[in-house]
Amino acid sequence: MTDNEFFQFAVRASEKSYSPYSKFKVGAVLLTEDGQIFTGCNIENASYSMTICAERTAIFKAVSSGFTDFKAIAIAGSSGDDFSIPCVPCGACLQVLSEFCNDDFMIVLSDGVHKLKDFLPNRFTKENIS
């Protein structure tokens, strides 16, 4: 599968978005090391702090299904039908990714492939706790 095909899975996942307040649809598709795919979309709430991002939805679905080794995630977001502007993961999503993924974990956006370390170079990990 090409990076663009992987990204298009995220665009399709955004169709499930529940975003009546922001009207900004986000989809994510997470690929495990053994080839399993988990999708997620953003789910808003009238109490904005209860909203969850597409990336965390996909990650939590995977983890709750017993998967914790991830290879890549694709993220697509738009307030319309144009998904060409990169939808960069927020800090909370990056931190959740850093719990399970190494610095070279791939993040596929509309402008290409990035690595986790590109967005979160000084991440907080379990090694920081001890």
# chains A, B, ... in the order shown; residues from 1 in each chain; ligands from 1

call {"tool": "select_by_dssp", "arguments": {"residues": "chain A", "states": "alpha helix (DSSP H)", "output": "VMD selection string"}}
result
chain A and resid 3 to 13 54 to 64 91 to 100 116 to 119 126 to 129

call {"tool": "write_last_selection", "arguments": {"atoms": "N, CA and C atoms", "output": "short mmCIF file (atom, residue, chain, number, x, y, z; two decimals), in the first residue's frame"}}
result
data_model
loop_
_atom_site.label_atom_id
_atom_site.label_comp_id
_atom_site.auth_asym_id
_atom_site.auth_seq_id
_atom_site.Cartn_x
_atom_site.Cartn_y
_atom_site.Cartn_z
N ASP A 3 1.78 5.35 0.49
CA ASP A 3 1.46 6.34 1.52
C ASP A 3 0.15 7.06 1.20
N ASN A 4 -0.08 7.35 -0.08
CA ASN A 4 -1.31 8.04 -0.47
C ASN A 4 -2.53 7.15 -0.24
N GLU A 5 -2.43 5.87 -0.55
CA GLU A 5 -3.54 4.95 -0.29
C GLU A 5 -3.82 4.85 1.21
N PHE A 6 -2.77 4.81 1.99
CA PHE A 6 -2.91 4.77 3.45
C PHE A 6 -3.60 6.04 3.94
N PHE A 7 -3.19 7.20 3.40
CA PHE A 7 -3.79 8.47 3.76
C PHE A 7 -5.28 8.48 3.38
N GLN A 8 -5.62 7.92 2.24
CA GLN A 8 -7.02 7.90 1.80
C GLN A 8 -7.90 7.07 2.74
N PHE A 9 -7.33 6.08 3.42
CA PHE A 9 -8.08 5.35 4.46
C PHE A 9 -8.48 6.31 5.57
N ALA A 10 -7.58 7.23 5.92
CA ALA A 10 -7.88 8.22 6.96
C ALA A 10 -8.97 9.18 6.50
N VAL A 11 -8.93 9.56 5.24
CA VAL A 11 -9.99 10.43 4.69
C VAL A 11 -11.33 9.72 4.82
N ARG A 12 -11.38 8.44 4.47
CA ARG A 12 -12.63 7.68 4.59
C ARG A 12 -13.07 7.54 6.05
N ALA A 13 -12.11 7.39 6.96
CA ALA A 13 -12.46 7.29 8.38
C ALA A 13 -13.08 8.58 8.89
N ALA A 54 -9.39 11.79 16.68
CA ALA A 54 -9.40 10.58 15.85
C ALA A 54 -8.22 9.66 16.17
N GLU A 55 -7.05 10.27 16.38
CA GLU A 55 -5.84 9.48 16.64
C GLU A 55 -5.99 8.65 17.92
N ARG A 56 -6.46 9.30 18.98
CA ARG A 56 -6.62 8.57 20.25
C ARG A 56 -7.73 7.54 20.15
N THR A 57 -8.78 7.84 19.38
CA THR A 57 -9.83 6.84 19.18
C THR A 57 -9.24 5.58 18.57
N ALA A 58 -8.43 5.73 17.52
CA ALA A 58 -7.82 4.57 16.87
C ALA A 58 -6.86 3.84 17.80
N ILE A 59 -6.05 4.59 18.52
CA ILE A 59 -5.08 3.97 19.44
C ILE A 59 -5.80 3.21 20.55
N PHE A 60 -6.82 3.83 21.14
CA PHE A 60 -7.53 3.17 22.24
C PHE A 60 -8.27 1.94 21.76
N LYS A 61 -8.81 1.97 20.53
CA LYS A 61 -9.45 0.78 19.97
C LYS A 61 -8.43 -0.35 19.82
N ALA A 62 -7.25 0.00 19.33
CA ALA A 62 -6.21 -1.02 19.14
C ALA A 62 -5.75 -1.60 20.47
N VAL A 63 -5.45 -0.73 21.42
CA VAL A 63 -4.96 -1.20 22.71
C VAL A 63 -6.03 -2.05 23.41
N SER A 64 -7.28 -1.62 23.34
CA SER A 64 -8.34 -2.39 24.00
C SER A 64 -8.61 -3.71 23.29
N GLY A 91 -0.92 17.81 20.90
CA GLY A 91 0.03 17.37 21.92
C GLY A 91 -0.45 16.15 22.68
N ALA A 92 -1.73 16.09 23.02
CA ALA A 92 -2.26 14.94 23.75
C ALA A 92 -2.13 13.66 22.92
N CYS A 93 -2.44 13.75 21.63
CA CYS A 93 -2.32 12.58 20.77
C CYS A 93 -0.86 12.16 20.59
N LEU A 94 0.01 13.14 20.45
CA LEU A 94 1.45 12.82 20.34
C LEU A 94 1.95 12.13 21.60
N GLN A 95 1.50 12.60 22.76
CA GLN A 95 1.93 11.97 24.01
C GLN A 95 1.41 10.54 24.11
N VAL A 96 0.17 10.30 23.71
CA VAL A 96 -0.37 8.94 23.73
C VAL A 96 0.41 8.06 22.76
N LEU A 97 0.70 8.57 21.57
CA LEU A 97 1.51 7.81 20.62
C LEU A 97 2.87 7.47 21.22
N SER A 98 3.46 8.42 21.95
CA SER A 98 4.80 8.20 22.50
C SER A 98 4.81 7.10 23.57
N GLU A 99 3.66 6.80 24.13
CA GLU A 99 3.58 5.70 25.10
C GLU A 99 3.86 4.35 24.45
N PHE A 100 3.49 4.23 23.18
CA PHE A 100 3.57 2.95 22.49
C PHE A 100 4.56 2.92 21.33
N LEU A 116 7.57 10.55 14.49
CA LEU A 116 7.12 11.05 15.79
C LEU A 116 8.11 12.06 16.35
N LYS A 117 9.40 11.78 16.21
CA LYS A 117 10.41 12.69 16.75
C LYS A 117 10.39 14.07 16.08
N ASP A 118 9.82 14.16 14.85
CA ASP A 118 9.70 15.46 14.18
C ASP A 118 8.74 16.38 14.93
N PHE A 119 7.71 15.80 15.53
CA PHE A 119 6.69 16.58 16.21
C PHE A 119 6.88 16.63 17.72
N LYS A 126 8.03 6.54 29.92
CA LYS A 126 8.10 5.83 31.19
C LYS A 126 9.51 5.86 31.79
N GLU A 127 10.52 6.06 30.94
CA GLU A 127 11.89 6.18 31.44
C GLU A 127 12.06 7.45 32.28
N ASN A 128 11.26 8.49 32.02
CA ASN A 128 11.33 9.72 32.79
C ASN A 128 10.79 9.55 34.21
N ILE A 129 9.99 8.53 34.43
CA ILE A 129 9.36 8.33 35.73
C ILE A 129 10.36 7.79 36.76
#

call {"tool": "select_by_dssp", "arguments": {"residues": "chain A", "states": "strand (DSSP E or B)", "output": "number ranges by chain"}}
result
A: 18, 25-32, 37-41, 43, 52, 70-78, 106-109, 112-115

call {"tool": "write_last_selection", "arguments": {"atoms": "N, CA and C atoms", "output": "mmCIF file, in the first residue's frame"}}
result
data_model
loop_
_atom_site.group_PDB
_atom_site.id
_atom_site.type_symbol
_atom_site.label_atom_id
_atom_site.label_comp_id
_atom_site.auth_asym_id
_atom_site.auth_seq_id
_atom_site.Cartn_x
_atom_site.Cartn_y
_atom_site.Cartn_z
ATOM 1 N N TYR A 18 -18.054 12.630 14.340
ATOM 2 C CA TYR A 18 -19.179 13.309 14.991
ATOM 3 C C TYR A 18 -18.650 14.668 15.413
ATOM 4 N N LYS A 25 -13.946 17.594 10.424
ATOM 5 C CA LYS A 25 -13.909 16.136 10.440
ATOM 6 C C LYS A 25 -12.452 15.661 10.432
ATOM 7 N N VAL A 26 -12.150 14.721 11.313
ATOM 8 C CA VAL A 26 -10.813 14.133 11.334
ATOM 9 C C VAL A 26 -10.952 12.624 11.335
ATOM 10 N N GLY A 27 -10.116 11.980 10.535
ATOM 11 C CA GLY A 27 -10.046 10.528 10.500
ATOM 12 C C GLY A 27 -8.614 10.086 10.691
ATOM 13 N N ALA A 28 -8.456 8.920 11.282
ATOM 14 C CA ALA A 28 -7.119 8.352 11.477
ATOM 15 C C ALA A 28 -7.182 6.859 11.204
ATOM 16 N N VAL A 29 -6.098 6.344 10.693
ATOM 17 C CA VAL A 29 -5.964 4.902 10.511
ATOM 18 C C VAL A 29 -4.609 4.502 11.065
ATOM 19 N N LEU A 30 -4.637 3.526 11.962
ATOM 20 C CA LEU A 30 -3.447 3.067 12.673
ATOM 21 C C LEU A 30 -3.088 1.674 12.180
ATOM 22 N N LEU A 31 -1.830 1.493 11.841
ATOM 23 C CA LEU A 31 -1.331 0.213 11.347
ATOM 24 C C LEU A 31 -0.460 -0.425 12.416
ATOM 25 N N THR A 32 -0.805 -1.646 12.816
ATOM 26 C CA THR A 32 0.011 -2.355 13.802
ATOM 27 C C THR A 32 1.206 -2.997 13.091
ATOM 28 N N ILE A 37 -5.337 -3.147 11.075
ATOM 29 C CA ILE A 37 -5.693 -1.741 10.880
ATOM 30 C C ILE A 37 -6.834 -1.374 11.819
ATOM 31 N N PHE A 38 -6.661 -0.225 12.487
ATOM 32 C CA PHE A 38 -7.693 0.323 13.359
ATOM 33 C C PHE A 38 -7.972 1.749 12.907
ATOM 34 N N THR A 39 -9.252 2.074 12.775
ATOM 35 C CA THR A 39 -9.631 3.416 12.366
ATOM 36 C C THR A 39 -10.177 4.188 13.554
ATOM 37 N N GLY A 40 -10.159 5.501 13.408
ATOM 38 C CA GLY A 40 -10.737 6.360 14.428
ATOM 39 C C GLY A 40 -11.214 7.649 13.788
ATOM 40 N N CYS A 41 -12.118 8.315 14.472
ATOM 41 C CA CYS A 41 -12.586 9.628 14.035
ATOM 42 C C CYS A 41 -12.723 10.496 15.279
ATOM 43 N N ILE A 43 -14.665 12.657 17.932
ATOM 44 C CA ILE A 43 -16.007 12.589 18.501
ATOM 45 C C ILE A 43 -16.140 13.754 19.469
ATOM 46 N N ILE A 52 -12.855 13.731 21.934
ATOM 47 C CA ILE A 52 -11.675 12.894 21.716
ATOM 48 C C ILE A 52 -11.264 12.970 20.252
ATOM 49 N N PHE A 70 2.920 -0.585 17.139
ATOM 50 C CA PHE A 70 2.386 0.129 15.991
ATOM 51 C C PHE A 70 3.485 0.543 15.017
ATOM 52 N N LYS A 71 3.117 0.547 13.743
ATOM 53 C CA LYS A 71 4.061 0.883 12.680
ATOM 54 C C LYS A 71 3.855 2.292 12.140
ATOM 55 N N ALA A 72 2.576 2.698 11.952
ATOM 56 C CA ALA A 72 2.293 3.995 11.332
ATOM 57 C C ALA A 72 0.860 4.418 11.612
ATOM 58 N N ILE A 73 0.642 5.719 11.472
ATOM 59 C CA ILE A 73 -0.699 6.276 11.537
ATOM 60 C C ILE A 73 -0.841 7.292 10.417
ATOM 61 N N ALA A 74 -2.020 7.326 9.798
ATOM 62 C CA ALA A 74 -2.343 8.361 8.816
ATOM 63 C C ALA A 74 -3.465 9.201 9.404
ATOM 64 N N ILE A 75 -3.377 10.512 9.195
ATOM 65 C CA ILE A 75 -4.342 11.447 9.771
ATOM 66 C C ILE A 75 -4.806 12.402 8.683
ATOM 67 N N ALA A 76 -6.141 12.570 8.572
ATOM 68 C CA ALA A 76 -6.721 13.489 7.596
ATOM 69 C C ALA A 76 -7.796 14.311 8.282
ATOM 70 N N GLY A 77 -7.783 15.613 8.054
ATOM 71 C CA GLY A 77 -8.788 16.481 8.654
ATOM 72 C C GLY A 77 -9.178 17.596 7.722
ATOM 73 N N SER A 78 -10.462 17.978 7.786
ATOM 74 C CA SER A 78 -10.953 19.052 6.931
ATOM 75 C C SER A 78 -12.311 19.540 7.414
ATOM 76 N N MET A 106 6.054 6.283 12.073
ATOM 77 C CA MET A 106 5.671 7.088 10.913
ATOM 78 C C MET A 106 4.288 7.716 11.081
ATOM 79 N N ILE A 107 4.203 9.006 10.779
ATOM 80 C CA ILE A 107 2.949 9.752 10.782
ATOM 81 C C ILE A 107 2.741 10.261 9.362
ATOM 82 N N VAL A 108 1.704 9.737 8.705
ATOM 83 C CA VAL A 108 1.424 10.086 7.312
ATOM 84 C C VAL A 108 0.354 11.178 7.280
ATOM 85 N N LEU A 109 0.716 12.321 6.709
ATOM 86 C CA LEU A 109 -0.192 13.449 6.552
ATOM 87 C C LEU A 109 -0.345 13.747 5.062
ATOM 88 N N GLY A 112 2.956 14.263 3.223
ATOM 89 C CA GLY A 112 3.986 13.230 3.218
ATOM 90 C C GLY A 112 4.145 12.523 4.545
ATOM 91 N N VAL A 113 5.276 11.839 4.668
ATOM 92 C CA VAL A 113 5.556 11.020 5.845
ATOM 93 C C VAL A 113 6.476 11.768 6.796
ATOM 94 N N HIS A 114 6.113 11.760 8.058
ATOM 95 C CA HIS A 114 6.900 12.378 9.120
ATOM 96 C C HIS A 114 7.193 11.312 10.165
ATOM 97 N N LYS A 115 8.026 11.647 11.113
ATOM 98 C CA LYS A 115 8.318 10.737 12.222
ATOM 99 C C LYS A 115 7.861 11.379 13.517
#

call {"tool": "closest_residue", "arguments": {"among": "A:Ser14, A:Thr68, A:Thr51, A:Thr125", "to": "Cys87 in chain A", "atoms": "only C-alpha atoms"}}
result
A:Ser14

call {"tool": "atom_distance", "arguments": {"atom1": "CA of Asp111 in chain A", "atom2": "CA of Lys23 in chain A"}}
result
22.1 Å

call {"tool": "closest_residue", "arguments": {"among": "A:Ile85, A:Phe124, A:Asp104, A:Asp69", "to": "Gly35 in chain A", "atoms": "only C-alpha atoms"}}
result
A:Asp69

call {"tool": "atom_distance", "arguments": {"atom1": "CA of Asp81 in chain A", "atom2": "CA of Met1 in chain A"}}
result
22.9 Å

call {"tool": "atom_distance", "arguments": {"atom1": "CA of Gly66 in chain A", "atom2": "CA of Cys101 in chain A"}}
result
15.1 Å
